Every structure is written in C-alpha cells, then in structure tokens.
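File shown: entry37.txt. Contents: compact mmCIF, N, CA, C and O atoms.
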```
# COMPACT_ATOMS: atom_id res chain seq x y z
N MET M 1 53.73 -68.06 33.44
CA MET M 1 53.74 -66.69 33.90
C MET M 1 54.08 -65.75 32.74
O MET M 1 53.47 -64.70 32.60
N LYS M 2 55.05 -66.14 31.90
CA LYS M 2 55.45 -65.30 30.79
C LYS M 2 54.30 -65.12 29.80
O LYS M 2 54.08 -64.03 29.29
N LEU M 3 53.54 -66.20 29.55
CA LEU M 3 52.39 -66.11 28.64
C LEU M 3 51.36 -65.12 29.17
O LEU M 3 50.76 -64.37 28.41
N ARG M 4 51.18 -65.12 30.47
CA ARG M 4 50.21 -64.18 31.07
C ARG M 4 50.64 -62.74 30.80
O ARG M 4 49.83 -61.89 30.43
N HIS M 5 51.91 -62.45 30.96
CA HIS M 5 52.41 -61.10 30.72
C HIS M 5 52.33 -60.73 29.24
O HIS M 5 52.01 -59.59 28.90
N LEU M 6 52.61 -61.69 28.37
CA LEU M 6 52.49 -61.43 26.94
C LEU M 6 51.04 -61.16 26.55
O LEU M 6 50.75 -60.29 25.73
N PHE M 7 50.11 -61.90 27.15
CA PHE M 7 48.69 -61.68 26.89
C PHE M 7 48.29 -60.28 27.36
O PHE M 7 47.59 -59.54 26.66
N LEU M 8 48.70 -59.90 28.55
CA LEU M 8 48.37 -58.56 29.06
C LEU M 8 49.01 -57.49 28.19
O LEU M 8 48.41 -56.43 27.94
N ASN M 9 50.22 -57.74 27.71
CA ASN M 9 50.90 -56.80 26.83
C ASN M 9 50.10 -56.58 25.55
O ASN M 9 50.08 -55.49 25.00
N TRP M 10 49.42 -57.64 25.09
CA TRP M 10 48.57 -57.51 23.90
C TRP M 10 47.22 -56.89 24.24
O TRP M 10 46.71 -56.04 23.51
N SER M 11 46.60 -57.29 25.34
CA SER M 11 45.23 -56.89 25.62
C SER M 11 45.09 -55.48 26.22
O SER M 11 44.10 -54.80 25.94
N LEU M 12 46.03 -55.03 27.01
CA LEU M 12 45.89 -53.71 27.64
C LEU M 12 45.80 -52.56 26.63
O LEU M 12 45.03 -51.62 26.84
N PRO M 13 46.54 -52.63 25.51
CA PRO M 13 46.38 -51.54 24.53
C PRO M 13 44.97 -51.44 23.92
O PRO M 13 44.62 -50.41 23.37
N LEU M 14 44.18 -52.49 24.01
CA LEU M 14 42.79 -52.38 23.56
C LEU M 14 42.08 -51.24 24.29
O LEU M 14 41.18 -50.61 23.75
N PHE M 15 42.50 -50.97 25.51
CA PHE M 15 41.86 -49.95 26.33
C PHE M 15 42.60 -48.62 26.31
O PHE M 15 42.05 -47.61 26.71
N THR M 16 43.86 -48.61 25.87
CA THR M 16 44.66 -47.39 25.98
C THR M 16 45.14 -46.83 24.66
O THR M 16 45.59 -45.70 24.61
N ARG M 17 45.08 -47.58 23.58
CA ARG M 17 45.62 -47.12 22.30
C ARG M 17 44.73 -46.05 21.68
O ARG M 17 43.55 -45.93 21.99
N TYR M 18 45.30 -45.32 20.75
CA TYR M 18 44.51 -44.34 20.01
C TYR M 18 43.88 -45.02 18.81
O TYR M 18 44.56 -45.49 17.93
N THR M 19 42.58 -45.14 18.82
CA THR M 19 41.83 -45.73 17.71
C THR M 19 40.56 -44.91 17.55
O THR M 19 40.44 -43.83 18.11
N ASP M 20 39.62 -45.48 16.82
CA ASP M 20 38.34 -44.80 16.71
C ASP M 20 37.64 -44.75 18.07
O ASP M 20 36.66 -44.04 18.25
N TYR M 21 38.16 -45.48 19.04
CA TYR M 21 37.61 -45.42 20.39
C TYR M 21 38.19 -44.22 21.15
O TYR M 21 37.77 -43.92 22.24
N TYR M 22 39.16 -43.55 20.57
CA TYR M 22 39.89 -42.45 21.18
C TYR M 22 40.30 -42.77 22.61
O TYR M 22 39.72 -42.31 23.57
N GLU M 23 41.33 -43.54 22.69
CA GLU M 23 41.87 -43.92 23.99
C GLU M 23 40.76 -44.16 25.01
O GLU M 23 40.46 -43.33 25.84
N PHE M 24 40.22 -45.34 24.90
CA PHE M 24 39.05 -45.75 25.68
C PHE M 24 39.12 -45.32 27.15
O PHE M 24 38.17 -44.79 27.70
N ASN M 25 40.25 -45.53 27.77
CA ASN M 25 40.35 -45.20 29.20
C ASN M 25 40.25 -43.71 29.47
O ASN M 25 39.90 -43.30 30.57
N MET M 26 40.52 -42.87 28.48
CA MET M 26 40.43 -41.42 28.67
C MET M 26 38.98 -40.98 28.92
O MET M 26 38.75 -39.96 29.57
N TYR M 27 38.03 -41.75 28.41
CA TYR M 27 36.64 -41.42 28.65
C TYR M 27 36.28 -41.48 30.13
O TYR M 27 35.38 -40.79 30.60
N PHE M 28 36.98 -42.29 30.87
CA PHE M 28 36.69 -42.41 32.31
C PHE M 28 37.39 -41.32 33.12
O PHE M 28 37.16 -41.21 34.31
N GLN M 29 38.25 -40.55 32.45
CA GLN M 29 39.00 -39.53 33.15
C GLN M 29 38.54 -38.12 32.82
O GLN M 29 39.00 -37.16 33.41
N THR M 30 37.64 -38.00 31.86
CA THR M 30 37.20 -36.68 31.44
C THR M 30 36.16 -36.10 32.39
O THR M 30 35.48 -36.84 33.10
N GLU M 31 36.07 -34.79 32.41
CA GLU M 31 35.05 -34.12 33.22
C GLU M 31 33.82 -33.81 32.39
O GLU M 31 32.81 -33.34 32.92
N GLN M 32 33.87 -34.09 31.10
CA GLN M 32 32.73 -33.84 30.21
C GLN M 32 31.73 -34.99 30.33
O GLN M 32 32.07 -36.08 30.78
N VAL M 33 30.52 -34.72 29.89
CA VAL M 33 29.48 -35.76 29.86
C VAL M 33 29.68 -36.55 28.57
O VAL M 33 29.52 -36.01 27.47
N VAL M 34 30.03 -37.83 28.70
CA VAL M 34 30.34 -38.65 27.52
C VAL M 34 29.58 -39.97 27.53
O VAL M 34 29.91 -40.87 26.76
N ILE M 35 28.57 -40.08 28.34
CA ILE M 35 27.88 -41.36 28.51
C ILE M 35 27.30 -41.88 27.20
O ILE M 35 27.35 -43.09 26.93
N LEU M 36 26.77 -41.01 26.35
CA LEU M 36 26.20 -41.47 25.09
C LEU M 36 27.27 -42.00 24.14
O LEU M 36 27.08 -43.01 23.47
N GLU M 37 28.40 -41.34 24.09
CA GLU M 37 29.51 -41.81 23.26
C GLU M 37 30.12 -43.08 23.85
O GLU M 37 30.52 -43.97 23.12
N LEU M 38 30.20 -43.12 25.15
CA LEU M 38 30.83 -44.25 25.82
C LEU M 38 30.08 -45.56 25.56
O LEU M 38 30.70 -46.60 25.37
N HIS M 39 28.78 -45.52 25.53
CA HIS M 39 27.99 -46.73 25.28
C HIS M 39 28.38 -47.38 23.96
O HIS M 39 28.63 -48.58 23.90
N ASP M 40 28.45 -46.60 22.90
CA ASP M 40 28.82 -47.14 21.59
C ASP M 40 30.25 -47.68 21.59
O ASP M 40 30.54 -48.71 20.98
N LYS M 41 31.13 -47.00 22.26
CA LYS M 41 32.53 -47.44 22.31
C LYS M 41 32.67 -48.75 23.10
O LYS M 41 33.45 -49.60 22.74
N ILE M 42 31.90 -48.89 24.16
CA ILE M 42 31.94 -50.14 24.94
C ILE M 42 31.42 -51.30 24.08
O ILE M 42 32.00 -52.39 24.09
N ILE M 43 30.36 -51.08 23.34
CA ILE M 43 29.82 -52.13 22.47
C ILE M 43 30.86 -52.54 21.43
O ILE M 43 31.09 -53.74 21.20
N ASN M 44 31.50 -51.57 20.79
CA ASN M 44 32.52 -51.89 19.78
C ASN M 44 33.71 -52.63 20.38
O ASN M 44 34.22 -53.59 19.80
N LEU M 45 34.14 -52.19 21.54
CA LEU M 45 35.27 -52.84 22.20
C LEU M 45 34.91 -54.27 22.62
O LEU M 45 35.69 -55.21 22.43
N TYR M 46 33.72 -54.46 23.14
CA TYR M 46 33.26 -55.79 23.55
C TYR M 46 33.21 -56.73 22.34
O TYR M 46 33.66 -57.86 22.40
N ARG M 47 32.70 -56.25 21.22
CA ARG M 47 32.68 -57.07 20.00
C ARG M 47 34.09 -57.43 19.56
O ARG M 47 34.36 -58.56 19.17
N GLU M 48 35.00 -56.48 19.62
CA GLU M 48 36.39 -56.74 19.22
C GLU M 48 37.01 -57.83 20.10
O GLU M 48 37.70 -58.71 19.61
N ILE M 49 36.73 -57.79 21.38
CA ILE M 49 37.25 -58.81 22.29
C ILE M 49 36.60 -60.16 22.00
O ILE M 49 37.28 -61.18 21.95
N LEU M 50 35.29 -60.17 21.78
CA LEU M 50 34.59 -61.42 21.48
C LEU M 50 35.13 -62.07 20.21
O LEU M 50 35.22 -63.30 20.11
N LEU M 51 35.50 -61.26 19.22
CA LEU M 51 36.01 -61.79 17.96
C LEU M 51 37.34 -62.52 18.13
O LEU M 51 37.74 -63.29 17.25
N CYS M 52 38.01 -62.32 19.24
CA CYS M 52 39.29 -62.99 19.49
C CYS M 52 39.10 -64.45 19.88
O CYS M 52 40.03 -65.24 19.75
N PHE M 53 37.91 -64.81 20.37
CA PHE M 53 37.73 -66.20 20.80
C PHE M 53 36.39 -66.83 20.40
O PHE M 53 36.13 -67.99 20.70
N LEU M 54 35.54 -66.07 19.71
CA LEU M 54 34.28 -66.62 19.23
C LEU M 54 34.22 -66.52 17.70
O LEU M 54 34.87 -65.65 17.11
N LYS M 55 33.43 -67.37 17.09
CA LYS M 55 33.31 -67.38 15.64
C LYS M 55 32.73 -66.05 15.15
O LYS M 55 31.80 -65.50 15.71
N ARG M 56 33.35 -65.57 14.08
CA ARG M 56 33.04 -64.25 13.53
C ARG M 56 31.54 -64.09 13.20
O ARG M 56 30.92 -63.09 13.58
N ASN M 57 30.95 -65.03 12.48
CA ASN M 57 29.55 -64.92 12.10
C ASN M 57 28.64 -64.84 13.32
O ASN M 57 27.66 -64.09 13.32
N TYR M 58 28.96 -65.60 14.34
CA TYR M 58 28.17 -65.60 15.56
C TYR M 58 28.19 -64.21 16.21
O TYR M 58 27.16 -63.67 16.60
N VAL M 59 29.38 -63.62 16.31
CA VAL M 59 29.51 -62.32 16.96
C VAL M 59 28.84 -61.22 16.14
O VAL M 59 28.15 -60.36 16.69
N LEU M 60 29.01 -61.25 14.83
CA LEU M 60 28.50 -60.17 14.00
C LEU M 60 27.02 -60.28 13.69
O LEU M 60 26.36 -59.28 13.41
N GLN M 61 26.48 -61.49 13.73
CA GLN M 61 25.08 -61.68 13.35
C GLN M 61 24.14 -61.90 14.53
O GLN M 61 22.95 -62.04 14.34
N THR M 62 24.68 -61.93 15.73
CA THR M 62 23.87 -62.17 16.92
C THR M 62 23.85 -60.90 17.77
O THR M 62 24.87 -60.26 17.95
N SER M 63 22.69 -60.58 18.29
CA SER M 63 22.57 -59.45 19.19
C SER M 63 23.47 -59.69 20.41
O SER M 63 23.54 -60.81 20.92
N LEU M 64 24.13 -58.65 20.87
CA LEU M 64 25.02 -58.81 22.03
C LEU M 64 24.28 -59.35 23.24
O LEU M 64 24.85 -60.06 24.06
N ASP M 65 23.00 -59.04 23.35
CA ASP M 65 22.20 -59.55 24.47
C ASP M 65 22.10 -61.07 24.45
O ASP M 65 21.93 -61.70 25.49
N ASN M 66 22.18 -61.65 23.26
CA ASN M 66 22.00 -63.09 23.11
C ASN M 66 23.31 -63.88 22.98
O ASN M 66 23.27 -65.10 22.90
N ILE M 67 24.43 -63.18 22.96
CA ILE M 67 25.72 -63.88 22.85
C ILE M 67 26.07 -64.50 24.20
O ILE M 67 26.04 -63.83 25.23
N ASN M 68 26.43 -65.77 24.16
CA ASN M 68 26.87 -66.48 25.35
C ASN M 68 28.32 -66.92 25.13
O ASN M 68 28.58 -67.90 24.43
N PRO M 69 29.29 -66.20 25.70
CA PRO M 69 30.70 -66.55 25.49
C PRO M 69 31.06 -67.95 25.98
O PRO M 69 32.06 -68.52 25.56
N ASN M 70 30.24 -68.53 26.85
CA ASN M 70 30.52 -69.87 27.38
C ASN M 70 30.01 -70.99 26.49
O ASN M 70 30.28 -72.16 26.75
N ASN M 71 29.26 -70.65 25.45
CA ASN M 71 28.71 -71.66 24.55
C ASN M 71 29.83 -72.20 23.67
O ASN M 71 30.30 -71.53 22.75
N GLY M 72 30.26 -73.41 23.94
CA GLY M 72 31.37 -74.04 23.22
C GLY M 72 31.12 -74.22 21.74
O GLY M 72 32.07 -74.32 20.96
N GLU M 73 29.88 -74.23 21.33
CA GLU M 73 29.54 -74.40 19.92
C GLU M 73 30.11 -73.27 19.07
O GLU M 73 30.43 -73.46 17.90
N PHE M 74 30.24 -72.09 19.64
CA PHE M 74 30.67 -70.92 18.88
C PHE M 74 32.09 -70.45 19.25
O PHE M 74 32.55 -69.43 18.72
N GLN M 75 32.76 -71.17 20.12
CA GLN M 75 34.12 -70.79 20.48
C GLN M 75 35.10 -71.26 19.40
O GLN M 75 34.91 -72.30 18.79
N LEU M 76 36.12 -70.47 19.20
CA LEU M 76 37.17 -70.85 18.25
C LEU M 76 38.00 -71.97 18.85
O LEU M 76 38.15 -72.05 20.08
N ILE M 77 38.55 -72.81 17.99
CA ILE M 77 39.46 -73.84 18.49
C ILE M 77 40.78 -73.17 18.84
O ILE M 77 41.06 -72.05 18.38
N ASP M 78 41.59 -73.82 19.64
CA ASP M 78 42.82 -73.21 20.16
C ASP M 78 43.71 -72.62 19.07
O ASP M 78 44.29 -71.56 19.25
N THR M 79 43.83 -73.29 17.94
CA THR M 79 44.72 -72.81 16.88
C THR M 79 44.16 -71.58 16.17
O THR M 79 44.89 -70.91 15.44
N GLU M 80 42.89 -71.25 16.40
CA GLU M 80 42.29 -70.07 15.77
C GLU M 80 42.25 -68.86 16.70
O GLU M 80 41.94 -67.76 16.27
N LEU M 81 42.55 -69.07 17.97
CA LEU M 81 42.54 -67.97 18.93
C LEU M 81 43.63 -66.96 18.61
O LEU M 81 44.71 -67.33 18.15
N TYR M 82 43.35 -65.70 18.86
CA TYR M 82 44.39 -64.68 18.71
C TYR M 82 44.60 -64.00 20.05
O TYR M 82 43.69 -63.33 20.57
N LEU M 83 45.77 -64.18 20.61
CA LEU M 83 46.08 -63.61 21.92
C LEU M 83 47.33 -62.74 21.87
O LEU M 83 47.99 -62.52 22.87
N GLY M 84 47.66 -62.28 20.68
CA GLY M 84 48.83 -61.44 20.51
C GLY M 84 49.99 -62.21 19.92
O GLY M 84 50.13 -63.42 20.12
N VAL M 85 50.83 -61.50 19.19
CA VAL M 85 51.96 -62.13 18.50
C VAL M 85 52.94 -62.77 19.49
O VAL M 85 53.40 -63.89 19.27
N GLY M 86 53.25 -62.10 20.58
CA GLY M 86 54.20 -62.65 21.55
C GLY M 86 53.73 -63.98 22.12
O GLY M 86 54.51 -64.92 22.27
N THR M 87 52.45 -64.07 22.41
CA THR M 87 51.88 -65.30 22.94
C THR M 87 51.96 -66.42 21.91
O THR M 87 52.30 -67.55 22.23
N ILE M 88 51.67 -66.10 20.66
CA ILE M 88 51.73 -67.10 19.59
C ILE M 88 53.15 -67.62 19.42
O ILE M 88 53.37 -68.83 19.30
N ILE M 89 54.12 -66.74 19.41
CA ILE M 89 55.51 -67.16 19.23
C ILE M 89 55.94 -68.10 20.35
O ILE M 89 56.51 -69.17 20.10
N ILE M 90 55.66 -67.73 21.58
CA ILE M 90 56.05 -68.57 22.72
C ILE M 90 55.34 -69.92 22.66
O ILE M 90 55.94 -70.98 22.88
N ALA M 91 54.05 -69.92 22.35
CA ALA M 91 53.30 -71.17 22.26
C ALA M 91 53.86 -72.07 21.16
O ALA M 91 54.01 -73.28 21.36
N CYS M 92 54.16 -71.50 20.00
CA CYS M 92 54.72 -72.29 18.90
C CYS M 92 56.09 -72.85 19.26
O CYS M 92 56.39 -74.01 18.98
N LEU M 93 56.91 -72.03 19.89
CA LEU M 93 58.25 -72.51 20.29
C LEU M 93 58.14 -73.61 21.33
O LEU M 93 58.96 -74.53 21.36
N TRP M 94 57.13 -73.55 22.20
CA TRP M 94 56.96 -74.58 23.22
C TRP M 94 56.46 -75.87 22.60
O TRP M 94 56.93 -76.96 22.94
N TRP M 95 55.50 -75.78 21.66
CA TRP M 95 54.89 -76.97 21.08
C TRP M 95 55.75 -77.63 20.02
O TRP M 95 55.70 -78.85 19.85
N GLN M 96 56.52 -76.88 19.27
CA GLN M 96 57.25 -77.44 18.13
C GLN M 96 58.15 -78.62 18.50
O GLN M 96 58.10 -79.65 17.84
N PRO M 97 58.96 -78.53 19.55
CA PRO M 97 59.80 -79.71 19.87
C PRO M 97 59.00 -80.89 20.41
O PRO M 97 59.46 -82.02 20.39
N ARG M 98 57.79 -80.66 20.89
CA ARG M 98 56.98 -81.73 21.48
C ARG M 98 56.13 -82.47 20.45
O ARG M 98 55.66 -83.57 20.71
N VAL M 99 55.90 -81.85 19.30
CA VAL M 99 55.07 -82.46 18.26
C VAL M 99 55.91 -82.51 16.98
O VAL M 99 56.06 -81.52 16.29
N PRO M 100 56.47 -83.68 16.66
CA PRO M 100 57.33 -83.79 15.47
C PRO M 100 56.58 -83.37 14.21
O PRO M 100 55.44 -83.71 13.99
N GLY M 101 57.24 -82.56 13.39
CA GLY M 101 56.67 -82.12 12.13
C GLY M 101 55.73 -80.93 12.24
O GLY M 101 55.18 -80.48 11.24
N LEU M 102 55.54 -80.41 13.45
CA LEU M 102 54.66 -79.25 13.62
C LEU M 102 55.36 -78.02 13.05
O LEU M 102 56.42 -77.64 13.48
N PRO M 103 54.74 -77.39 12.03
CA PRO M 103 55.39 -76.19 11.46
C PRO M 103 55.22 -75.00 12.37
O PRO M 103 54.22 -74.88 13.06
N LEU M 104 56.20 -74.13 12.36
CA LEU M 104 56.13 -72.90 13.11
C LEU M 104 55.48 -71.86 12.21
O LEU M 104 56.08 -71.34 11.31
N GLN M 105 54.19 -71.62 12.43
CA GLN M 105 53.46 -70.71 11.55
C GLN M 105 52.44 -69.90 12.33
O GLN M 105 52.10 -70.24 13.45
N PHE M 106 51.96 -68.85 11.68
CA PHE M 106 50.95 -67.99 12.27
C PHE M 106 49.63 -68.23 11.58
O PHE M 106 49.56 -68.51 10.39
N SER M 107 48.55 -68.02 12.31
CA SER M 107 47.22 -68.12 11.73
C SER M 107 46.99 -66.95 10.79
O SER M 107 47.56 -65.88 10.95
N LYS M 108 46.16 -67.14 9.80
CA LYS M 108 45.86 -66.09 8.82
C LYS M 108 44.66 -65.25 9.23
O LYS M 108 44.17 -64.46 8.48
N ASN M 109 44.18 -65.39 10.48
CA ASN M 109 43.00 -64.64 10.95
C ASN M 109 43.34 -63.20 11.16
O ASN M 109 44.15 -62.70 11.69
```
What would the structure in this file look like if it were written as structure tokens?
Amino acid sequence: MKLRHLFLNWSLPLFTRYTDYYEFNMYFQTEQVVILELHDKIINLYREILLCFLKRNYVLQTSLDNINPNNGEFQLIDTELYLGVGTIIIACLWWQPRVPGLPLQFSKN
C-alpha cells in the first residue's frame, strides 16, 4: 500500500507541475480554446510516461501509433524502471536484507 502511495506521489505531479506543459491539468479548466495546444502536450506527456517503462530508442524512434506498451521485447527490466525516488528507496530497503550482498544504489537513468 505504501508503494502505491509513493508511486502516486511521483506520478501525479506529471499532470500538475509547472513545466513546458504549463500545468497540464489547467488546460482542462480553462475557458479558452486550447485543443491545438493540448494535442501536442498530450503527446509529450505520453512519451514521458512511456520512457519510464519502455526502452528509450523504441519510444523515440517509433511512431506513437505503432508503440505497443504490452510488447515485452521493449519493456525495461525491473531494475531499470523509474517510479520515483520514494518507491526506489522503499524497494531497495525491502530487498537488501533478502538478497545478501545487494548494494543499496540508484539507477543512473
């Protein structure tokens, strides 16, 4: 349950933070016509999410229409996934006593 909350703590800001997406969720609250801008922002956000669990070359070199997130050939292995710092810390602390010699480290991705 704690991992779920840590994951949400990491993932929800993707939709609410101030970035070049300009607080993504604000686009759904505006009274202005933003459909043309919104399309590009959705594509960028979707790519950013895909990069968290799919191989970089696959995401960047494949048309979004042809990307299949369920294709195991292009999924990252568990140690390469990025689900937020809090999730990584908890996972490392849980695994370290169970696997002798496992270093407590972060991925360089």
What is the atom C of Val33 in chain M to CA of Ser11 in chain M distance in Å? 25.8 Å
Give the centre and edge lengths of an axis-aligned box, in Å to one decimal, that holds all listed atoms of range 24-34 of chain M with 4 Å on each side, as AutoDock Vina command-line options.
```
--center_x 35.0 --center_y -39.5 --center_z 29.6 --size_x 19.0 --size_y 20.4 --size_z 17.4
```
Alpha helix (DSSP H) call set, DSSP backbone run, range 25-106 of chain M, as JSON, numbers by chain: {"M": [35, 36, 37, 38, 39, 40, 41, 42, 43, 44, 45, 46, 47, 48, 49, 50, 56, 57, 58, 59, 60, 61, 85, 86, 87, 88, 89, 90, 91, 92, 93, 94, 95]}
Closest pair table for range 16-65 of chain M residues within 4.5 Å of range 74-98 of chain M, only N, CA, C and O atoms, as a tab-separated table:
```
residue	atom	partner	partner_atom	distance
M:Cys52	O	M:Tyr82	N	3.5
M:Phe53	O	M:Leu76	N	2.9
M:Leu54	CA	M:Phe74	O	3.3
M:Lys55	N	M:Phe74	O	2.8
```
Write the residues of the preceding selection, restricted to N, CA, C and O atoms, as a PDB file, in the frame of the given file.
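For reference, part07.pdb as written:
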```pdb
ATOM      1  N   CYS M  52      38.010 -62.320  19.240  1.00  0.00           N
ATOM      2  CA  CYS M  52      39.290 -62.990  19.490  1.00  0.00           C
ATOM      3  C   CYS M  52      39.100 -64.450  19.880  1.00  0.00           C
ATOM      4  O   CYS M  52      40.030 -65.240  19.750  1.00  0.00           O
ATOM      5  N   PHE M  53      37.910 -64.810  20.370  1.00  0.00           N
ATOM      6  CA  PHE M  53      37.730 -66.200  20.800  1.00  0.00           C
ATOM      7  C   PHE M  53      36.390 -66.830  20.400  1.00  0.00           C
ATOM      8  O   PHE M  53      36.130 -67.990  20.700  1.00  0.00           O
ATOM      9  N   LEU M  54      35.540 -66.070  19.710  1.00  0.00           N
ATOM     10  CA  LEU M  54      34.280 -66.620  19.230  1.00  0.00           C
ATOM     11  C   LEU M  54      34.220 -66.520  17.700  1.00  0.00           C
ATOM     12  O   LEU M  54      34.870 -65.650  17.110  1.00  0.00           O
ATOM     13  N   LYS M  55      33.430 -67.370  17.090  1.00  0.00           N
ATOM     14  CA  LYS M  55      33.310 -67.380  15.640  1.00  0.00           C
ATOM     15  C   LYS M  55      32.730 -66.050  15.150  1.00  0.00           C
ATOM     16  O   LYS M  55      31.800 -65.500  15.710  1.00  0.00           O
TER      17      LYS M  55
END
```
